[in-house]
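Asks: Got a file for you: run-v8.pdb, PDB, C-alpha atoms and all ligand atoms.
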MODEL        1
ATOM      1  CA  MET A   1      63.646 118.357  79.482  1.00  0.00           C
ATOM      2  CA  LYS A   2      65.177 120.402  82.265  1.00  0.00           C
ATOM      3  CA  ARG A   3      68.605 118.829  81.711  1.00  0.00           C
ATOM      4  CA  THR A   4      70.235 117.502  78.557  1.00  0.00           C
ATOM      5  CA  LEU A   5      70.487 113.762  77.965  1.00  0.00           C
ATOM      6  CA  GLU A   6      74.218 114.017  78.705  1.00  0.00           C
ATOM      7  CA  GLU A   7      73.544 115.753  82.034  1.00  0.00           C
ATOM      8  CA  HIS A   8      70.985 113.132  83.051  1.00  0.00           C
ATOM      9  CA  ALA A   9      73.378 110.348  82.004  1.00  0.00           C
ATOM     10  CA  ALA A  10      76.210 111.901  84.035  1.00  0.00           C
ATOM     11  CA  ARG A  11      73.965 112.242  87.122  1.00  0.00           C
ATOM     12  CA  PHE A  12      73.045 108.567  86.968  1.00  0.00           C
ATOM     13  CA  ASP A  13      76.601 107.439  86.124  1.00  0.00           C
ATOM     14  CA  GLU A  14      77.628 109.057  89.396  1.00  0.00           C
ATOM     15  CA  LYS A  15      74.965 107.378  91.538  1.00  0.00           C
ATOM     16  CA  ALA A  16      74.875 103.995  89.760  1.00  0.00           C
ATOM     17  CA  GLY A  17      76.846 102.103  92.431  1.00  0.00           C
ATOM     18  CA  GLU A  18      74.485 103.125  95.254  1.00  0.00           C
ATOM     19  CA  TYR A  19      71.283 103.441  93.235  1.00  0.00           C
ATOM     20  CA  ASP A  20      69.675 100.214  94.467  1.00  0.00           C
ATOM     21  CA  ASP A  21      70.276 101.011  98.156  1.00  0.00           C
ATOM     22  CA  SER A  22      68.030 104.039  98.552  1.00  0.00           C
ATOM     23  CA  LYS A  23      64.595 103.288  97.240  1.00  0.00           C
ATOM     24  CA  SER A  24      61.294 104.417  98.802  1.00  0.00           C
ATOM     25  CA  ASP A  25      58.334 102.168  99.606  1.00  0.00           C
ATOM     26  CA  GLU A  26      56.432 103.937  96.821  1.00  0.00           C
ATOM     27  CA  TYR A  27      59.216 103.122  94.328  1.00  0.00           C
ATOM     28  CA  HIS A  28      59.030  99.430  95.283  1.00  0.00           C
ATOM     29  CA  ALA A  29      55.222  99.404  95.104  1.00  0.00           C
ATOM     30  CA  CYS A  30      55.369 101.039  91.675  1.00  0.00           C
ATOM     31  CA  ALA A  31      58.028  98.631  90.366  1.00  0.00           C
ATOM     32  CA  ASN A  32      56.039  95.638  91.641  1.00  0.00           C
ATOM     33  CA  LEU A  33      52.918  96.871  89.838  1.00  0.00           C
ATOM     34  CA  VAL A  34      54.866  97.378  86.595  1.00  0.00           C
ATOM     35  CA  VAL A  35      56.143  93.794  86.807  1.00  0.00           C
ATOM     36  CA  GLU A  36      52.687  92.462  87.666  1.00  0.00           C
ATOM     37  CA  HIS A  37      50.956  94.284  84.780  1.00  0.00           C
ATOM     38  CA  ALA A  38      53.700  93.522  82.246  1.00  0.00           C
ATOM     39  CA  SER A  39      53.223  89.797  82.881  1.00  0.00           C
ATOM     40  CA  PRO A  40      55.009  88.594  79.724  1.00  0.00           C
ATOM     41  CA  GLY A  41      54.408  85.140  78.295  1.00  0.00           C
ATOM     42  CA  GLU A  42      57.188  82.729  77.382  1.00  0.00           C
ATOM     43  CA  ASP A  43      57.132  83.886  73.715  1.00  0.00           C
ATOM     44  CA  ASP A  44      57.165  87.595  74.507  1.00  0.00           C
ATOM     45  CA  VAL A  45      59.995  90.036  73.878  1.00  0.00           C
ATOM     46  CA  VAL A  46      60.079  92.870  76.426  1.00  0.00           C
ATOM     47  CA  LEU A  47      61.733  96.243  75.866  1.00  0.00           C
ATOM     48  CA  ASP A  48      62.495  98.019  79.158  1.00  0.00           C
ATOM     49  CA  LEU A  49      63.235 101.692  78.498  1.00  0.00           C
ATOM     50  CA  ALA A  50      65.367 103.670  80.955  1.00  0.00           C
ATOM     51  CA  THR A  51      66.146 100.304  82.486  1.00  0.00           C
ATOM     52  CA  GLY A  52      68.677 101.742  84.949  1.00  0.00           C
ATOM     53  CA  THR A  53      70.222  98.969  87.012  1.00  0.00           C
ATOM     54  CA  GLY A  54      67.665  96.555  85.544  1.00  0.00           C
ATOM     55  CA  ALA A  55      65.081  96.282  88.328  1.00  0.00           C
ATOM     56  CA  ILE A  56      62.201  95.642  85.924  1.00  0.00           C
ATOM     57  CA  ALA A  57      64.230  93.842  83.252  1.00  0.00           C
ATOM     58  CA  LEU A  58      65.678  91.306  85.684  1.00  0.00           C
ATOM     59  CA  ALA A  59      62.323  90.651  87.330  1.00  0.00           C
ATOM     60  CA  LEU A  60      60.657  89.942  83.957  1.00  0.00           C
ATOM     61  CA  ALA A  61      63.416  87.867  82.363  1.00  0.00           C
ATOM     62  CA  PRO A  62      62.493  84.495  83.942  1.00  0.00           C
ATOM     63  CA  ASP A  63      58.992  84.686  82.388  1.00  0.00           C
ATOM     64  CA  ALA A  64      59.826  86.257  79.008  1.00  0.00           C
ATOM     65  CA  LYS A  65      61.486  84.921  75.888  1.00  0.00           C
ATOM     66  CA  ARG A  66      63.885  87.846  75.853  1.00  0.00           C
ATOM     67  CA  VAL A  67      64.294  91.206  77.603  1.00  0.00           C
ATOM     68  CA  VAL A  68      66.073  94.159  76.018  1.00  0.00           C
ATOM     69  CA  GLY A  69      67.101  96.997  78.338  1.00  0.00           C
ATOM     70  CA  ARG A  70      67.964 100.477  77.126  1.00  0.00           C
ATOM     71  CA  ASP A  71      69.341 103.467  79.025  1.00  0.00           C
ATOM     72  CA  ILE A  72      71.464 106.560  78.460  1.00  0.00           C
ATOM     73  CA  SER A  73      73.752 105.974  81.474  1.00  0.00           C
ATOM     74  CA  GLU A  74      76.652 103.576  80.879  1.00  0.00           C
ATOM     75  CA  GLY A  75      77.175 103.346  84.655  1.00  0.00           C
ATOM     76  CA  MET A  76      73.610 102.166  85.258  1.00  0.00           C
ATOM     77  CA  LEU A  77      73.860  99.715  82.331  1.00  0.00           C
ATOM     78  CA  GLU A  78      77.071  98.233  83.755  1.00  0.00           C
ATOM     79  CA  GLU A  79      75.297  97.598  87.080  1.00  0.00           C
ATOM     80  CA  ALA A  80      72.402  95.936  85.229  1.00  0.00           C
ATOM     81  CA  GLU A  81      74.760  93.711  83.245  1.00  0.00           C
ATOM     82  CA  GLN A  82      76.611  92.673  86.413  1.00  0.00           C
ATOM     83  CA  LYS A  83      73.360  91.794  88.189  1.00  0.00           C
ATOM     84  CA  ALA A  84      72.156  89.718  85.204  1.00  0.00           C
ATOM     85  CA  ALA A  85      75.474  87.846  85.163  1.00  0.00           C
ATOM     86  CA  ASP A  86      75.338  87.272  88.952  1.00  0.00           C
ATOM     87  CA  GLU A  87      71.829  85.824  88.596  1.00  0.00           C
ATOM     88  CA  GLY A  88      72.831  83.664  85.627  1.00  0.00           C
ATOM     89  CA  LEU A  89      70.142  85.216  83.396  1.00  0.00           C
ATOM     90  CA  GLU A  90      71.051  84.747  79.738  1.00  0.00           C
ATOM     91  CA  ASN A  91      67.972  86.063  77.903  1.00  0.00           C
ATOM     92  CA  LEU A  92      68.740  89.702  78.712  1.00  0.00           C
ATOM     93  CA  SER A  93      70.669  92.257  76.708  1.00  0.00           C
ATOM     94  CA  PHE A  94      71.441  95.831  77.640  1.00  0.00           C
ATOM     95  CA  GLY A  95      72.577  98.744  75.521  1.00  0.00           C
ATOM     96  CA  HIS A  96      72.511 102.453  74.948  1.00  0.00           C
ATOM     97  CA  GLY A  97      69.181 103.952  73.891  1.00  0.00           C
ATOM     98  CA  SER A  98      66.831 106.741  74.866  1.00  0.00           C
ATOM     99  CA  PHE A  99      63.053 107.072  74.999  1.00  0.00           C
ATOM    100  CA  ARG A 100      62.911 108.908  71.700  1.00  0.00           C
ATOM    101  CA  GLU A 101      65.724 106.919  70.065  1.00  0.00           C
ATOM    102  CA  PRO A 102      65.532 103.462  71.663  1.00  0.00           C
ATOM    103  CA  ASN A 103      68.159 102.010  69.318  1.00  0.00           C
ATOM    104  CA  TYR A 104      66.033  98.899  68.863  1.00  0.00           C
ATOM    105  CA  ASP A 105      64.104  97.821  65.791  1.00  0.00           C
ATOM    106  CA  GLY A 106      63.381  94.151  66.480  1.00  0.00           C
ATOM    107  CA  PRO A 107      60.049  92.663  67.424  1.00  0.00           C
ATOM    108  CA  VAL A 108      58.588  93.734  70.767  1.00  0.00           C
ATOM    109  CA  ASP A 109      55.469  92.526  72.551  1.00  0.00           C
ATOM    110  CA  VAL A 110      55.605  94.466  75.815  1.00  0.00           C
ATOM    111  CA  VAL A 111      57.301  97.796  76.586  1.00  0.00           C
ATOM    112  CA  THR A 112      57.953  98.735  80.202  1.00  0.00           C
ATOM    113  CA  SER A 113      59.418 101.767  81.894  1.00  0.00           C
ATOM    114  CA  ASN A 114      59.668 102.661  85.553  1.00  0.00           C
ATOM    115  CA  PHE A 115      60.479 105.949  87.277  1.00  0.00           C
ATOM    116  CA  ALA A 116      62.116 107.701  84.309  1.00  0.00           C
ATOM    117  CA  LEU A 117      59.748 109.280  81.778  1.00  0.00           C
ATOM    118  CA  HIS A 118      59.343 112.259  84.140  1.00  0.00           C
ATOM    119  CA  HIS A 119      62.786 113.459  83.030  1.00  0.00           C
ATOM    120  CA  LEU A 120      61.240 114.530  79.719  1.00  0.00           C
ATOM    121  CA  SER A 121      59.050 117.579  79.104  1.00  0.00           C
ATOM    122  CA  ASP A 122      55.402 116.867  78.333  1.00  0.00           C
ATOM    123  CA  GLU A 123      56.004 117.440  74.612  1.00  0.00           C
ATOM    124  CA  GLU A 124      58.983 115.061  74.698  1.00  0.00           C
ATOM    125  CA  LYS A 125      56.864 112.485  76.555  1.00  0.00           C
ATOM    126  CA  ARG A 126      54.322 112.662  73.734  1.00  0.00           C
ATOM    127  CA  GLU A 127      57.114 112.120  71.183  1.00  0.00           C
ATOM    128  CA  ALA A 128      58.461 109.180  73.201  1.00  0.00           C
ATOM    129  CA  ILE A 129      55.027 107.555  73.464  1.00  0.00           C
ATOM    130  CA  ALA A 130      54.583 107.954  69.689  1.00  0.00           C
ATOM    131  CA  VAL A 131      57.998 106.340  69.071  1.00  0.00           C
ATOM    132  CA  ILE A 132      57.017 103.453  71.357  1.00  0.00           C
ATOM    133  CA  ALA A 133      53.673 103.059  69.549  1.00  0.00           C
ATOM    134  CA  ASP A 134      55.595 102.768  66.249  1.00  0.00           C
ATOM    135  CA  LEU A 135      57.369  99.705  67.653  1.00  0.00           C
ATOM    136  CA  GLU A 136      53.876  98.121  67.775  1.00  0.00           C
ATOM    137  CA  PRO A 137      53.969  96.485  71.201  1.00  0.00           C
ATOM    138  CA  ARG A 138      50.807  94.828  72.459  1.00  0.00           C
ATOM    139  CA  LYS A 139      51.141  96.683  75.745  1.00  0.00           C
ATOM    140  CA  PHE A 140      53.078  99.524  77.337  1.00  0.00           C
ATOM    141  CA  VAL A 141      53.289  99.570  81.127  1.00  0.00           C
ATOM    142  CA  LEU A 142      54.469 102.885  82.535  1.00  0.00           C
ATOM    143  CA  GLY A 143      55.297 103.359  86.203  1.00  0.00           C
ATOM    144  CA  ASP A 144      56.392 106.855  87.099  1.00  0.00           C
ATOM    145  CA  VAL A 145      56.089 110.025  89.061  1.00  0.00           C
ATOM    146  CA  MET A 146      52.801 111.536  87.810  1.00  0.00           C
ATOM    147  CA  PHE A 147      50.259 113.916  89.282  1.00  0.00           C
ATOM    148  CA  PHE A 148      46.875 112.514  90.286  1.00  0.00           C
ATOM    149  CA  GLY A 149      45.890 115.820  91.883  1.00  0.00           C
ATOM    150  CA  GLU A 150      47.306 119.312  92.012  1.00  0.00           C
ATOM    151  CA  PRO A 151      51.105 119.338  91.528  1.00  0.00           C
ATOM    152  CA  ASP A 152      52.876 120.127  94.792  1.00  0.00           C
ATOM    153  CA  PRO A 153      56.559 121.009  94.272  1.00  0.00           C
ATOM    154  CA  ASP A 154      57.228 120.542  98.010  1.00  0.00           C
ATOM    155  CA  GLU A 155      56.423 116.837  97.905  1.00  0.00           C
ATOM    156  CA  PRO A 156      59.342 114.378  97.970  1.00  0.00           C
ATOM    157  CA  PHE A 157      58.821 112.372  94.810  1.00  0.00           C
ATOM    158  CA  TYR A 158      60.554 114.663  92.393  1.00  0.00           C
ATOM    159  CA  SER A 159      63.157 117.402  92.236  1.00  0.00           C
ATOM    160  CA  PRO A 160      61.733 120.412  90.378  1.00  0.00           C
ATOM    161  CA  ASP A 161      65.189 121.394  89.089  1.00  0.00           C
ATOM    162  CA  VAL A 162      65.727 118.113  87.199  1.00  0.00           C
ATOM    163  CA  ASP A 163      62.320 116.411  86.963  1.00  0.00           C
ATOM    164  CA  ASP A 164      59.217 117.371  84.991  1.00  0.00           C
ATOM    165  CA  PRO A 165      56.336 114.993  85.862  1.00  0.00           C
ATOM    166  CA  ALA A 166      53.099 115.115  83.887  1.00  0.00           C
ATOM    167  CA  THR A 167      49.533 114.917  85.070  1.00  0.00           C
ATOM    168  CA  VAL A 168      47.762 111.604  84.558  1.00  0.00           C
ATOM    169  CA  GLY A 169      45.471 113.431  82.115  1.00  0.00           C
ATOM    170  CA  VAL A 170      48.367 114.549  79.902  1.00  0.00           C
ATOM    171  CA  LEU A 171      49.752 111.011  79.812  1.00  0.00           C
ATOM    172  CA  ALA A 172      46.325 109.498  79.095  1.00  0.00           C
ATOM    173  CA  ASP A 173      45.858 111.889  76.160  1.00  0.00           C
ATOM    174  CA  ALA A 174      49.319 111.056  74.785  1.00  0.00           C
ATOM    175  CA  PHE A 175      48.548 107.330  74.960  1.00  0.00           C
ATOM    176  CA  THR A 176      45.195 107.600  73.218  1.00  0.00           C
ATOM    177  CA  ASP A 177      46.581 109.973  70.554  1.00  0.00           C
ATOM    178  CA  ALA A 178      49.249 107.332  69.812  1.00  0.00           C
ATOM    179  CA  GLY A 179      46.606 104.624  69.329  1.00  0.00           C
ATOM    180  CA  PHE A 180      46.687 103.017  72.765  1.00  0.00           C
ATOM    181  CA  SER A 181      43.733 102.414  75.069  1.00  0.00           C
ATOM    182  CA  LEU A 182      44.309 102.900  78.775  1.00  0.00           C
ATOM    183  CA  THR A 183      43.268  99.626  80.406  1.00  0.00           C
ATOM    184  CA  ALA A 184      44.438 100.172  83.997  1.00  0.00           C
ATOM    185  CA  VAL A 185      45.372 103.088  86.222  1.00  0.00           C
ATOM    186  CA  GLU A 186      47.040 102.330  89.552  1.00  0.00           C
ATOM    187  CA  ARG A 187      47.540 105.124  92.055  1.00  0.00           C
ATOM    188  CA  VAL A 188      50.416 104.365  94.428  1.00  0.00           C
ATOM    189  CA  HIS A 189      50.597 107.900  95.857  1.00  0.00           C
ATOM    190  CA  ASP A 190      49.269 111.324  94.825  1.00  0.00           C
ATOM    191  CA  GLN A 191      52.430 111.641  92.713  1.00  0.00           C
ATOM    192  CA  VAL A 192      53.266 108.046  91.795  1.00  0.00           C
ATOM    193  CA  GLY A 193      51.304 105.692  89.592  1.00  0.00           C
ATOM    194  CA  VAL A 194      51.229 102.986  86.965  1.00  0.00           C
ATOM    195  CA  LEU A 195      49.383 103.249  83.646  1.00  0.00           C
ATOM    196  CA  VAL A 196      48.736 100.262  81.424  1.00  0.00           C
ATOM    197  CA  ALA A 197      48.180 101.077  77.751  1.00  0.00           C
ATOM    198  CA  GLU A 198      47.184  98.498  75.187  1.00  0.00           C
ATOM    199  CA  ARG A 199      47.039  98.891  71.443  1.00  0.00           C
ATOM    200  CA  SER A 200      43.501  99.411  70.253  1.00  0.00           C
ATOM    201  CA  SER A 201      44.088  97.919  66.802  1.00  0.00           C
ATOM    202  CA  THR A 202      41.541  95.078  66.795  1.00  0.00           C
ATOM    203  CA  ALA A 203      38.476  97.128  65.773  1.00  0.00           C
ATOM    204  CA  GLY A 204      40.378  98.993  63.008  1.00  0.00           C
ATOM    205  CA  ASP A 205      41.872  95.769  61.660  1.00  0.00           C
ATOM    206  CA  ALA A 206      38.424  94.173  61.509  1.00  0.00           C
ATOM    207  CA  VAL A 207      37.032  97.112  59.493  1.00  0.00           C
ATOM    208  CA  GLY A 208      40.096  97.066  57.210  1.00  0.00           C
ATOM    209  CA  GLU A 209      39.559  93.383  56.440  1.00  0.00           C
ATOM    210  CA  GLU A 210      36.039  93.918  55.102  1.00  0.00           C
TER     211      GLU A 210
HETATM  212  C1  LIG A 301      65.265 106.725  88.513  1.00  0.00           C
HETATM  213  S1  LIG A 301      66.116 105.718  87.346  1.00  0.00           S
HETATM  214  C2  LIG A 301      64.990 104.365  87.066  1.00  0.00           C
HETATM  215  C3  LIG A 301      65.702 103.115  86.641  1.00  0.00           C
HETATM  216  C4  LIG A 301      64.847 101.853  86.570  1.00  0.00           C
HETATM  217  N1  LIG A 301      63.843 101.944  85.523  1.00  0.00           N
HETATM  218  C5  LIG A 301      64.219 101.530  87.885  1.00  0.00           C
HETATM  219  O1  LIG A 301      63.006 101.320  87.959  1.00  0.00           O
HETATM  220  O2  LIG A 301      64.949 101.424  88.879  1.00  0.00           O
HETATM  221  C6  LIG A 301      65.965 106.666  85.884  1.00  0.00           C
HETATM  222  C7  LIG A 301      66.773 106.125  84.699  1.00  0.00           C
HETATM  223  O3  LIG A 301      66.342 106.798  83.522  1.00  0.00           O
HETATM  224  C8  LIG A 301      67.464 106.983  82.692  1.00  0.00           C
HETATM  225  N2  LIG A 301      67.103 108.039  81.754  1.00  0.00           N
HETATM  226  C9  LIG A 301      66.913 109.359  81.993  1.00  0.00           C
HETATM  227  N3  LIG A 301      66.523 109.987  80.876  1.00  0.00           N
HETATM  228  C10 LIG A 301      66.447 109.037  79.896  1.00  0.00           C
HETATM  229  C11 LIG A 301      66.091 109.057  78.512  1.00  0.00           C
HETATM  230  N4  LIG A 301      65.717 110.195  77.907  1.00  0.00           N
HETATM  231  N5  LIG A 301      66.109 107.903  77.825  1.00  0.00           N
HETATM  232  C12 LIG A 301      66.481 106.738  78.438  1.00  0.00           C
HETATM  233  N6  LIG A 301      66.844 106.665  79.731  1.00  0.00           N
HETATM  234  C13 LIG A 301      66.805 107.796  80.455  1.00  0.00           C
HETATM  235  C14 LIG A 301      68.577 107.298  83.655  1.00  0.00           C
HETATM  236  O4  LIG A 301      69.847 107.110  83.095  1.00  0.00           O
HETATM  237  C15 LIG A 301      68.263 106.344  84.791  1.00  0.00           C
HETATM  238  O5  LIG A 301      68.934 105.117  84.625  1.00  0.00           O
ENDMDL
END
So that I can check it, write out the structure of this file as structure tokens.
Ligand SMILES: C[S@@+](CC[C@H](N)C(=O)[O-])C[C@H]1O[C@@H](n2cnc3c(N)ncnc32)[C@H](O)[C@@H]1O
Replies:
Amino acid sequence: MKRTLEEHAARFDEKAGEYDDSKSDEYHACANLVVEHASPGEDDVVLDLATGTGAIALALAPDAKRVVGRDISEGMLEEAEQKAADEGLENLSFGHGSFREPNYDGPVDVVTSNFALHHLSDEEKREAIAVIADLEPRKFVLGDVMFFGEPDPDEPFYSPDVDDPATVGVLADAFTDAGFSLTAVERVHDQVGVLVAERSSTAGDAVGEE
């Protein structure tokens, strides 16, 4: 991580009020794909990590049983809470939590995260994916800045001083090492994509039952 959690939280506290006003087409395309792939059922609990102002959480709430949003920035969480109240959504709850310490130990069916995991180093991303796997969701849908080709620090989708995007290969390895199977890869841009990881437990369970 190129900045501490506190530094990242302070950066987002500062921009929380204007955050929703300055999003790229690629951000919107990525967020839409995360929502589409998450596709929770009416009995599903969704955990949205690094929820920010709640873009993904609010979009999923009408279809899910419950959505839990976690973030390290109180300013972003306050915006999310206000938006949920304005929309009259009551099956949402927001609170402090990070990728590696989500501060949530209830049941979870689907984990989502959009445009945030790139703040962690590759080793920290691996730790975060392992923590998420331990929550035993059916599916983890990750939208983020990620490299499909050669990393180009001059491109606009990340700031090299604060961001640390991974290659798609590094993320795919981290998912499979944590027991997920990658079931979809969506390329939005050379540096933006969505990965869908599902738990590959069925075969193991069947063997264990014999
Ligand atoms: C670019 S915003 C994305 C917010 C939201 N997911 C969206 O799609 O609009 C990144 C968010 O990640 C949060 N964040 C950064 N590092 C984090 C960490 N280690 N754990 C949890 N949240 C983190 C920031 O506070 C910020 O709200």
Asks: Between atom CA of Gly52 of chain A and atom CA of Asp105 of chain A, measure the distance and give it in Å to one decimal.
Replies: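 Between atom CA of Gly52 of chain A and atom CA of Asp105 of chain A the gap works out to 20.1 Å.
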Asks: Around ligand LIG 301 (chain A), fit a box with edges along x, y and z, padding it by 3 Å on each side, then list its centre and edge lengths in Å to one decimal as JSON.
Replies:
{"center_x": 66.4, "center_y": 105.8, "center_z": 83.4, "size_x": 12.8, "size_y": 14.9, "size_z": 17.1}
Asks: Excluding segment 88-103 of chain A and any residue of its chain fewer than 4 positions from it, enumerate the residues within 10 Å of it, using all atoms listed in the file, and give them as a short mmCIF file (atom, residue, chain, number, x, y, z; two decimals) with C-alpha atoms, in the coordinates of the input.
Replies:
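Output (result.cif):
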data_model
loop_
_atom_site.label_atom_id
_atom_site.label_comp_id
_atom_site.auth_asym_id
_atom_site.auth_seq_id
_atom_site.Cartn_x
_atom_site.Cartn_y
_atom_site.Cartn_z
CA LEU A 5 70.49 113.76 77.96
CA VAL A 45 60.00 90.04 73.88
CA VAL A 46 60.08 92.87 76.43
CA LEU A 47 61.73 96.24 75.87
CA ASP A 48 62.50 98.02 79.16
CA LEU A 49 63.24 101.69 78.50
CA ALA A 50 65.37 103.67 80.96
CA THR A 51 66.15 100.30 82.49
CA GLY A 52 68.68 101.74 84.95
CA THR A 53 70.22 98.97 87.01
CA GLY A 54 67.67 96.56 85.54
CA ALA A 57 64.23 93.84 83.25
CA LEU A 58 65.68 91.31 85.68
CA LEU A 60 60.66 89.94 83.96
CA ALA A 61 63.42 87.87 82.36
CA PRO A 62 62.49 84.50 83.94
CA ALA A 64 59.83 86.26 79.01
CA LYS A 65 61.49 84.92 75.89
CA ARG A 66 63.88 87.85 75.85
CA VAL A 67 64.29 91.21 77.60
CA VAL A 68 66.07 94.16 76.02
CA GLY A 69 67.10 97.00 78.34
CA ARG A 70 67.96 100.48 77.13
CA ASP A 71 69.34 103.47 79.03
CA ILE A 72 71.46 106.56 78.46
CA SER A 73 73.75 105.97 81.47
CA GLU A 74 76.65 103.58 80.88
CA LEU A 77 73.86 99.72 82.33
CA GLU A 78 77.07 98.23 83.76
CA ALA A 80 72.40 95.94 85.23
CA GLU A 81 74.76 93.71 83.24
CA GLN A 82 76.61 92.67 86.41
CA LYS A 83 73.36 91.79 88.19
CA ALA A 84 72.16 89.72 85.20
CA SER A 113 59.42 101.77 81.89
CA ALA A 116 62.12 107.70 84.31
CA LEU A 117 59.75 109.28 81.78
CA LEU A 120 61.24 114.53 79.72
CA GLU A 124 58.98 115.06 74.70
CA LYS A 125 56.86 112.48 76.56
CA ARG A 126 54.32 112.66 73.73
CA GLU A 127 57.11 112.12 71.18
CA ALA A 128 58.46 109.18 73.20
CA ILE A 129 55.03 107.56 73.46
CA ALA A 130 54.58 107.95 69.69
CA VAL A 131 58.00 106.34 69.07
CA ILE A 132 57.02 103.45 71.36
CA LEU A 135 57.37 99.70 67.65
#
Asks: Excluding Val162 of chain A and residues on its chain fewer than 5 positions from it, collect all residues at most 10 Å away from it, counting all atoms listed in the file, and give them as a PyMOL selection string.
Replies: chain A and resi 1-4+7-8+118-120
Asks: Any idea what the distance is between atom CA of Ala59 of chain A and atom C5 of ligand LIG 301 (chain A)?
Replies: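 Calculated distance between atom CA of Ala59 of chain A and atom C5 of ligand LIG 301 (chain A) is 11.1 Å.
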Asks: Restore N, CA and C atoms in segment 174-187 of chain A and list the result as a PDB file, in the frame of the given file.
Replies:
ATOM      1  N   ALA A 174      48.203 111.452  75.658  1.00  0.00           N
ATOM      2  CA  ALA A 174      49.319 111.056  74.785  1.00  0.00           C
ATOM      3  C   ALA A 174      49.168 109.594  74.370  1.00  0.00           C
ATOM      4  N   PHE A 175      48.743 108.750  75.296  1.00  0.00           N
ATOM      5  CA  PHE A 175      48.548 107.330  74.960  1.00  0.00           C
ATOM      6  C   PHE A 175      47.438 107.164  73.928  1.00  0.00           C
ATOM      7  N   THR A 176      46.319 107.817  74.152  1.00  0.00           N
ATOM      8  CA  THR A 176      45.195 107.600  73.218  1.00  0.00           C
ATOM      9  C   THR A 176      45.517 108.216  71.860  1.00  0.00           C
ATOM     10  N   ASP A 177      46.198 109.367  71.845  1.00  0.00           N
ATOM     11  CA  ASP A 177      46.581 109.973  70.554  1.00  0.00           C
ATOM     12  C   ASP A 177      47.525 109.053  69.772  1.00  0.00           C
ATOM     13  N   ALA A 178      48.298 108.240  70.476  1.00  0.00           N
ATOM     14  CA  ALA A 178      49.249 107.332  69.812  1.00  0.00           C
ATOM     15  C   ALA A 178      48.603 105.986  69.469  1.00  0.00           C
ATOM     16  N   GLY A 179      47.305 105.849  69.720  1.00  0.00           N
ATOM     17  CA  GLY A 179      46.606 104.624  69.329  1.00  0.00           C
ATOM     18  C   GLY A 179      46.496 103.572  70.413  1.00  0.00           C
ATOM     19  N   PHE A 180      46.843 103.951  71.639  1.00  0.00           N
ATOM     20  CA  PHE A 180      46.687 103.017  72.765  1.00  0.00           C
ATOM     21  C   PHE A 180      45.344 103.270  73.465  1.00  0.00           C
ATOM     22  N   SER A 181      44.850 102.240  74.136  1.00  0.00           N
ATOM     23  CA  SER A 181      43.733 102.414  75.069  1.00  0.00           C
ATOM     24  C   SER A 181      44.274 102.199  76.467  1.00  0.00           C
ATOM     25  N   LEU A 182      43.869 103.061  77.386  1.00  0.00           N
ATOM     26  CA  LEU A 182      44.309 102.900  78.775  1.00  0.00           C
ATOM     27  C   LEU A 182      43.449 101.823  79.424  1.00  0.00           C
ATOM     28  N   THR A 183      44.062 100.729  79.863  1.00  0.00           N
ATOM     29  CA  THR A 183      43.268  99.626  80.406  1.00  0.00           C
ATOM     30  C   THR A 183      43.401  99.476  81.916  1.00  0.00           C
ATOM     31  N   ALA A 184      44.352 100.186  82.526  1.00  0.00           N
ATOM     32  CA  ALA A 184      44.438 100.172  83.997  1.00  0.00           C
ATOM     33  C   ALA A 184      45.177 101.417  84.468  1.00  0.00           C
ATOM     34  N   VAL A 185      44.717 101.944  85.576  1.00  0.00           N
ATOM     35  CA  VAL A 185      45.372 103.088  86.222  1.00  0.00           C
ATOM     36  C   VAL A 185      45.536 102.719  87.688  1.00  0.00           C
ATOM     37  N   GLU A 186      46.768 102.678  88.154  1.00  0.00           N
ATOM     38  CA  GLU A 186      47.040 102.330  89.552  1.00  0.00           C
ATOM     39  C   GLU A 186      47.647 103.540  90.242  1.00  0.00           C
ATOM     40  N   ARG A 187      47.007 104.000  91.300  1.00  0.00           N
ATOM     41  CA  ARG A 187      47.540 105.124  92.055  1.00  0.00           C
ATOM     42  C   ARG A 187      48.290 104.575  93.266  1.00  0.00           C
TER      43      ARG A 187
END
